[in-house]
file start-v5.txt (compact mmCIF, C-alpha atoms)
# COMPACT_ATOMS: atom_id res chain seq x y z
CA MET A 1 153.81 41.40 113.48
CA VAL A 2 151.41 43.35 111.26
CA ALA A 3 149.37 41.34 108.78
CA LYS A 4 149.42 42.70 105.26
CA LYS A 5 146.10 43.15 103.53
CA LYS A 6 145.80 41.07 100.43
CA LYS A 7 144.94 43.14 97.39
CA ARG A 8 141.99 41.82 95.42
CA MET A 9 142.66 41.64 91.75
CA PRO A 10 139.61 42.40 89.65
CA ASN A 11 138.22 39.61 87.57
CA LYS A 12 139.30 40.51 84.02
CA ALA A 13 136.01 39.32 82.52
CA LYS A 14 134.01 41.49 84.91
CA ALA A 15 136.37 44.44 84.60
CA SER A 16 136.10 44.51 80.82
CA GLN A 17 132.33 44.08 80.71
CA LYS A 18 130.48 47.35 80.24
CA LYS A 19 127.13 47.73 81.95
CA THR A 20 124.02 49.28 80.48
CA GLU A 21 122.88 52.28 82.51
CA ARG A 22 119.71 51.57 84.47
CA THR A 23 117.88 54.57 83.01
CA THR A 24 118.73 53.43 79.47
CA LEU A 25 117.51 49.90 80.19
CA GLU A 26 114.27 51.19 81.71
CA GLU A 27 113.65 53.51 78.78
CA ILE A 28 114.25 50.77 76.20
CA ILE A 29 111.92 48.29 77.89
CA ARG A 30 109.21 50.87 78.62
CA VAL A 31 109.24 52.31 75.09
CA ASP A 32 109.35 48.91 73.40
CA HIS A 33 106.54 47.59 75.58
CA ALA A 34 104.40 50.60 74.68
CA GLY A 35 105.24 50.30 70.99
CA GLU A 36 104.48 46.60 70.84
CA TYR A 37 101.23 47.14 72.74
CA GLY A 38 100.27 49.84 70.24
CA ALA A 39 101.12 47.52 67.35
CA THR A 40 98.90 44.76 68.74
CA ARG A 41 96.04 47.25 68.99
CA ILE A 42 96.59 48.51 65.42
CA TYR A 43 96.35 44.96 64.09
CA ASP A 44 93.31 44.29 66.32
CA GLY A 45 91.60 47.29 64.72
CA GLN A 46 92.45 46.12 61.21
CA ILE A 47 91.26 42.57 61.91
CA ALA A 48 88.01 43.94 63.36
CA ILE A 49 87.30 45.48 59.95
CA PHE A 50 88.71 42.85 57.58
CA GLY A 51 87.96 39.74 59.64
CA LYS A 52 90.40 36.93 60.32
CA ASN A 53 89.33 34.77 57.39
CA SER A 54 89.69 37.19 54.50
CA LYS A 55 92.88 37.01 52.44
CA ILE A 56 94.24 40.24 53.92
CA GLY A 57 92.92 39.26 57.35
CA LYS A 58 95.07 36.13 57.33
CA THR A 59 98.12 38.19 56.41
CA ILE A 60 97.39 40.68 59.17
CA GLN A 61 96.76 37.86 61.64
CA HIS A 62 100.24 36.47 60.88
CA MET A 63 101.78 39.83 61.76
CA ALA A 64 99.50 40.20 64.80
CA ASP A 65 100.65 36.81 66.09
CA GLN A 66 104.28 37.93 65.95
CA GLU A 67 103.39 41.19 67.69
CA GLN A 68 101.65 39.17 70.40
CA GLU A 69 104.89 37.24 70.95
CA HIS A 70 106.74 40.57 71.24
CA ILE A 71 104.33 42.08 73.78
CA GLU A 72 104.40 38.92 75.87
CA LYS A 73 108.20 39.09 76.02
CA PHE A 74 108.15 42.75 77.03
CA ASN A 75 105.49 41.97 79.67
CA GLU A 76 107.95 39.44 81.11
CA LEU A 77 110.83 41.93 80.94
CA LEU A 78 108.83 44.59 82.78
CA ILE A 79 108.55 42.20 85.72
CA GLU A 80 112.01 40.63 85.45
CA LYS A 81 113.85 43.97 85.21
CA ARG A 82 111.43 45.77 87.55
CA VAL A 83 110.45 48.47 85.06
CA ARG A 84 107.15 50.30 85.30
CA PRO A 85 105.11 50.47 82.09
CA THR A 86 104.20 53.80 80.58
CA ALA A 87 101.23 55.58 82.09
CA LEU A 88 100.01 56.15 78.52
CA LEU A 89 98.88 52.55 77.88
CA PRO A 90 95.19 53.55 77.94
CA VAL A 91 95.95 56.08 75.20
CA TRP A 92 97.84 53.45 73.14
CA ASN A 93 94.88 51.10 73.59
CA ILE A 94 92.36 53.48 72.06
CA ALA A 95 94.64 55.28 69.59
CA GLY A 96 96.16 52.04 68.27
CA PHE A 97 92.80 50.40 67.69
CA ALA A 98 91.40 53.57 66.08
CA LEU A 99 94.41 53.86 63.77
CA GLY A 100 94.10 50.23 62.74
CA ALA A 101 90.34 50.35 62.17
CA GLY A 102 90.53 53.75 60.49
CA THR A 103 93.18 52.70 57.99
CA ALA A 104 91.32 49.43 57.33
CA LEU A 105 88.13 51.37 56.58
CA MET A 106 90.13 53.26 53.94
CA GLY A 107 91.00 49.93 52.28
CA GLU A 108 93.70 47.28 52.15
CA LYS A 109 96.34 49.58 50.64
CA ALA A 110 95.83 52.15 53.38
CA ALA A 111 96.04 49.47 56.08
CA MET A 112 99.28 48.22 54.54
CA ALA A 113 100.60 51.80 54.25
CA CYS A 114 100.02 52.13 58.00
CA THR A 115 101.97 48.89 58.54
CA VAL A 116 104.86 50.08 56.37
CA ALA A 117 105.09 53.44 58.15
CA VAL A 118 104.87 52.02 61.67
CA GLU A 119 107.16 49.04 61.10
CA LYS A 120 109.81 51.13 59.38
CA VAL A 121 110.08 53.40 62.42
CA ILE A 122 110.05 50.48 64.87
CA GLY A 123 112.71 48.62 62.88
CA GLU A 124 114.98 51.69 62.91
CA HIS A 125 114.28 52.18 66.59
CA TYR A 126 115.29 48.59 67.38
CA ARG A 127 118.51 49.02 65.37
CA GLU A 128 119.46 52.11 67.40
CA GLN A 129 118.66 50.37 70.69
CA GLN A 130 121.03 47.50 69.95
CA ASP A 131 123.86 50.05 69.85
CA LEU A 132 122.86 51.38 73.30
CA LEU A 133 122.91 48.00 75.05
CA GLU A 134 126.16 46.86 76.61
CA ASP A 135 127.67 43.42 77.25
CA ASP A 136 125.53 42.79 80.33
CA GLU A 137 122.33 42.77 78.24
CA LYS A 138 123.27 40.25 75.55
CA GLU A 139 119.94 38.39 75.83
CA LEU A 140 117.91 41.58 75.47
CA LYS A 141 120.06 42.62 72.53
CA LYS A 142 119.42 39.22 70.89
CA THR A 143 115.67 39.55 71.53
CA ILE A 144 115.56 43.03 70.03
CA ALA A 145 117.51 41.84 66.97
CA LYS A 146 114.95 39.07 66.41
CA PHE A 147 112.05 41.47 66.84
CA GLU A 148 113.70 43.95 64.46
CA LYS A 149 113.79 41.20 61.84
CA ASP A 150 110.07 40.51 62.38
CA GLU A 151 109.20 44.20 62.10
CA LEU A 152 111.13 44.55 58.85
CA GLU A 153 109.31 41.46 57.54
CA HIS A 154 106.00 43.22 58.31
CA HIS A 155 107.29 46.32 56.50
CA ASP A 156 108.09 44.22 53.43
CA ILE A 157 104.71 42.45 53.58
CA GLY A 158 103.08 45.88 53.49
CA LEU A 159 105.07 46.84 50.42
CA GLU A 160 104.17 43.54 48.74
CA HIS A 161 100.50 44.43 49.30
CA ASP A 162 100.77 47.68 47.35
CA ALA A 163 101.08 50.03 50.33
CA GLU A 164 102.87 52.64 48.24
CA ASN A 165 99.75 53.09 46.10
CA ALA A 166 97.51 53.98 49.03
CA PRO A 167 95.49 57.18 48.70

call {"tool": "encode", "arguments": {"input": "start-v5.txt", "output": "structure tokens"}}
result
Amino acid sequence: MVAKKKKRMPNKAKASQKKTERTTLEEIIRVDHAGEYGATRIYDGQIAIFGKNSKIGKTIQHMADQEQEHIEKFNELLIEKRVRPTALLPVWNIAGFALGAGTALMGEKAAMACTVAVEKVIGEHYREQQDLLEDDEKELKKTIAKFEKDELEHHDIGLEHDAENAP
């Protein structure tokens, strides 16, 4: 007697779940890590000029604290998802700080104009990334949605501080 092989039926939940391509996942985490690192350095440069205790310094520190939360999460994701960071981090370190300090030296409005420009692009970038992530990356999608909200808050703070009237 010949034994019949039992056909395995795919699990419907697994069969219907789309997976994010590895290259897409790596690119998202690498780019977001670099962007958040750059943002922390921009705010570090601005705080170096304005100080933490000035009125604008306290506002910038609030945004810097949120950016610190973001970079810490992406540091964790680099390890968890086994993604290498960009080789350009040393450039982001210097360029970010210089951009922050340079705009702060031009005054509060210029510093806030920098915030508006950077955060607008990052917010749009996060929105696009959410569309690229599939069902298997729900947690990352949720994290990016939260960070997008923070970035758009920073954008609005910049506008509230007269960024549009910068020289």

call {"tool": "atom_distance", "arguments": {"input": "start-v5.txt", "atom1": "atom CA of Glu128 of chain A", "atom2": "atom CA of His154 of chain A"}}
result
18.5 Å

call {"tool": "residues_around", "arguments": {"input": "start-v5.txt", "residues": "Ile28 of chain A", "least_positions_apart": "4", "cutoff": "12 Å", "atoms": "all atoms listed in the file", "output": "ChimeraX atom specification"}}
result
/A:20-24,32-36,74,77-78,81,83-86,125-133,137,140-141,144

call {"tool": "closest_residue", "arguments": {"input": "start-v5.txt", "among": "A:Gly38, A:Gly100, A:Pro90, A:Gly51", "to": "His70 of chain A", "atoms": "only C-alpha atoms"}}
result
A:Gly38

call {"tool": "residues_around", "arguments": {"input": "start-v5.txt", "residues": "Ala104 of chain A", "least_positions_apart": "2", "cutoff": "10 Å", "atoms": "all atoms listed in the file", "output": "mmCIF file with C-alpha atoms, keeping the file's coordinate frame"}}
result
data_model
loop_
_atom_site.group_PDB
_atom_site.id
_atom_site.type_symbol
_atom_site.label_atom_id
_atom_site.label_comp_id
_atom_site.auth_asym_id
_atom_site.auth_seq_id
_atom_site.Cartn_x
_atom_site.Cartn_y
_atom_site.Cartn_z
ATOM 1 C CA ILE A 42 96.590 48.510 65.420
ATOM 2 C CA TYR A 43 96.350 44.960 64.090
ATOM 3 C CA GLY A 45 91.600 47.290 64.720
ATOM 4 C CA GLN A 46 92.450 46.120 61.210
ATOM 5 C CA ILE A 47 91.260 42.570 61.910
ATOM 6 C CA ALA A 48 88.010 43.940 63.360
ATOM 7 C CA ILE A 49 87.300 45.480 59.950
ATOM 8 C CA PHE A 50 88.710 42.850 57.580
ATOM 9 C CA ALA A 98 91.400 53.570 66.080
ATOM 10 C CA LEU A 99 94.410 53.860 63.770
ATOM 11 C CA GLY A 100 94.100 50.230 62.740
ATOM 12 C CA ALA A 101 90.340 50.350 62.170
ATOM 13 C CA GLY A 102 90.530 53.750 60.490
ATOM 14 C CA MET A 106 90.130 53.260 53.940
ATOM 15 C CA GLY A 107 91.000 49.930 52.280
ATOM 16 C CA GLU A 108 93.700 47.280 52.150
ATOM 17 C CA LYS A 109 96.340 49.580 50.640
ATOM 18 C CA ALA A 110 95.830 52.150 53.380
ATOM 19 C CA ALA A 111 96.040 49.470 56.080
ATOM 20 C CA MET A 112 99.280 48.220 54.540
ATOM 21 C CA CYS A 114 100.020 52.130 58.000
#

call {"tool": "atom_distance", "arguments": {"input": "start-v5.txt", "atom1": "atom CA of Ala166 of chain A", "atom2": "atom CA of Thr103 of chain A"}}
result
10.0 Å

call {"tool": "closest_residue", "arguments": {"input": "start-v5.txt", "among": "A:Val116, A:Ile71, A:Val91, A:Ile29", "to": "Asp162 of chain A", "atoms": "all atoms listed in the file"}}
result
A:Val116

call {"tool": "atom_distance", "arguments": {"input": "start-v5.txt", "atom1": "atom CA of Glu151 of chain A", "atom2": "atom CA of Ile122 of chain A"}}
result
6.9 Å

call {"tool": "closest_residue", "arguments": {"input": "start-v5.txt", "among": "A:Gln66, A:Glu80, A:Ala113, A:Ser54", "to": "Phe147 of chain A", "atoms": "all atoms listed in the file"}}
result
A:Gln66

call {"tool": "closest_residue", "arguments": {"input": "start-v5.txt", "among": "A:Glu119, A:Asp150, A:Glu26, A:Asp135", "to": "Ile79 of chain A", "atoms": "all atoms listed in the file"}}
result
A:Glu26

call {"tool": "build_atoms", "arguments": {"input": "start-v5.txt", "residues": "segment 39-50 of chain A", "atoms": "all heavy atoms", "output": "short mmCIF file (atom, residue, chain, number, x, y, z; two decimals), keeping the file's coordinate frame"}}
result
data_model
loop_
_atom_site.label_atom_id
_atom_site.label_comp_id
_atom_site.auth_asym_id
_atom_site.auth_seq_id
_atom_site.Cartn_x
_atom_site.Cartn_y
_atom_site.Cartn_z
N ALA A 39 101.16 48.32 68.58
CA ALA A 39 101.12 47.52 67.35
C ALA A 39 100.04 46.43 67.44
O ALA A 39 99.31 46.19 66.46
CB ALA A 39 102.48 46.90 67.07
N THR A 40 99.94 45.79 68.61
CA THR A 40 98.90 44.76 68.74
C THR A 40 97.52 45.37 68.58
O THR A 40 96.62 44.77 67.97
CB THR A 40 98.97 44.01 70.10
OG1 THR A 40 98.73 44.91 71.16
CG2 THR A 40 100.29 43.29 70.28
N ARG A 41 97.34 46.58 69.09
CA ARG A 41 96.04 47.25 68.99
C ARG A 41 95.76 47.71 67.56
O ARG A 41 94.60 47.66 67.12
CB ARG A 41 95.97 48.42 69.97
CG ARG A 41 96.07 47.99 71.41
CD ARG A 41 94.98 46.98 71.81
NE ARG A 41 93.69 47.66 71.79
CZ ARG A 41 92.53 47.08 71.49
NH1 ARG A 41 92.46 45.81 71.19
NH2 ARG A 41 91.42 47.79 71.48
N ILE A 42 96.79 48.14 66.83
CA ILE A 42 96.59 48.51 65.42
C ILE A 42 96.09 47.30 64.64
O ILE A 42 95.10 47.37 63.90
CB ILE A 42 97.89 49.07 64.79
CG1 ILE A 42 98.21 50.45 65.38
CG2 ILE A 42 97.78 49.14 63.27
CD1 ILE A 42 99.60 50.97 65.02
N TYR A 43 96.76 46.17 64.82
CA TYR A 43 96.35 44.96 64.09
C TYR A 43 94.98 44.48 64.55
O TYR A 43 94.18 44.00 63.74
CB TYR A 43 97.41 43.87 64.22
CG TYR A 43 98.65 44.17 63.41
CD1 TYR A 43 99.91 44.08 63.98
CD2 TYR A 43 98.57 44.55 62.08
CE1 TYR A 43 101.05 44.35 63.24
CE2 TYR A 43 99.70 44.84 61.33
CZ TYR A 43 100.95 44.73 61.92
OH TYR A 43 102.07 45.01 61.18
N ASP A 44 94.66 44.64 65.84
CA ASP A 44 93.31 44.29 66.32
C ASP A 44 92.26 45.13 65.60
O ASP A 44 91.20 44.61 65.21
CB ASP A 44 93.19 44.53 67.83
CG ASP A 44 93.93 43.49 68.67
OD1 ASP A 44 94.33 42.43 68.13
OD2 ASP A 44 94.12 43.75 69.88
N GLY A 45 92.54 46.41 65.42
CA GLY A 45 91.60 47.29 64.72
C GLY A 45 91.43 46.90 63.26
O GLY A 45 90.31 46.89 62.73
N GLN A 46 92.53 46.53 62.62
CA GLN A 46 92.45 46.12 61.21
C GLN A 46 91.69 44.80 61.07
O GLN A 46 90.86 44.65 60.17
CB GLN A 46 93.85 46.02 60.61
CG GLN A 46 94.51 47.38 60.45
CD GLN A 46 95.93 47.30 59.94
OE1 GLN A 46 96.57 46.25 59.98
NE2 GLN A 46 96.44 48.43 59.47
N ILE A 47 91.95 43.87 61.97
CA ILE A 47 91.26 42.57 61.91
C ILE A 47 89.77 42.74 62.21
O ILE A 47 88.93 42.04 61.63
CB ILE A 47 91.93 41.56 62.87
CG1 ILE A 47 93.30 41.16 62.30
CG2 ILE A 47 91.06 40.32 63.07
CD1 ILE A 47 94.18 40.38 63.26
N ALA A 48 89.42 43.69 63.07
CA ALA A 48 88.01 43.94 63.36
C ALA A 48 87.26 44.36 62.10
O ALA A 48 86.08 44.04 61.93
CB ALA A 48 87.87 45.02 64.44
N ILE A 49 87.93 45.03 61.20
CA ILE A 49 87.30 45.48 59.95
C ILE A 49 87.37 44.40 58.87
O ILE A 49 86.37 44.08 58.23
CB ILE A 49 87.96 46.79 59.44
CG1 ILE A 49 87.84 47.91 60.47
CG2 ILE A 49 87.37 47.20 58.08
CD1 ILE A 49 86.43 48.25 60.91
N PHE A 50 88.54 43.82 58.66
CA PHE A 50 88.71 42.85 57.58
C PHE A 50 88.27 41.44 57.94
O PHE A 50 87.98 40.64 57.04
CB PHE A 50 90.19 42.79 57.14
CG PHE A 50 90.69 44.03 56.49
CD1 PHE A 50 91.84 44.66 56.94
CD2 PHE A 50 90.03 44.60 55.40
CE1 PHE A 50 92.32 45.81 56.34
CE2 PHE A 50 90.50 45.76 54.79
CZ PHE A 50 91.65 46.36 55.26
#
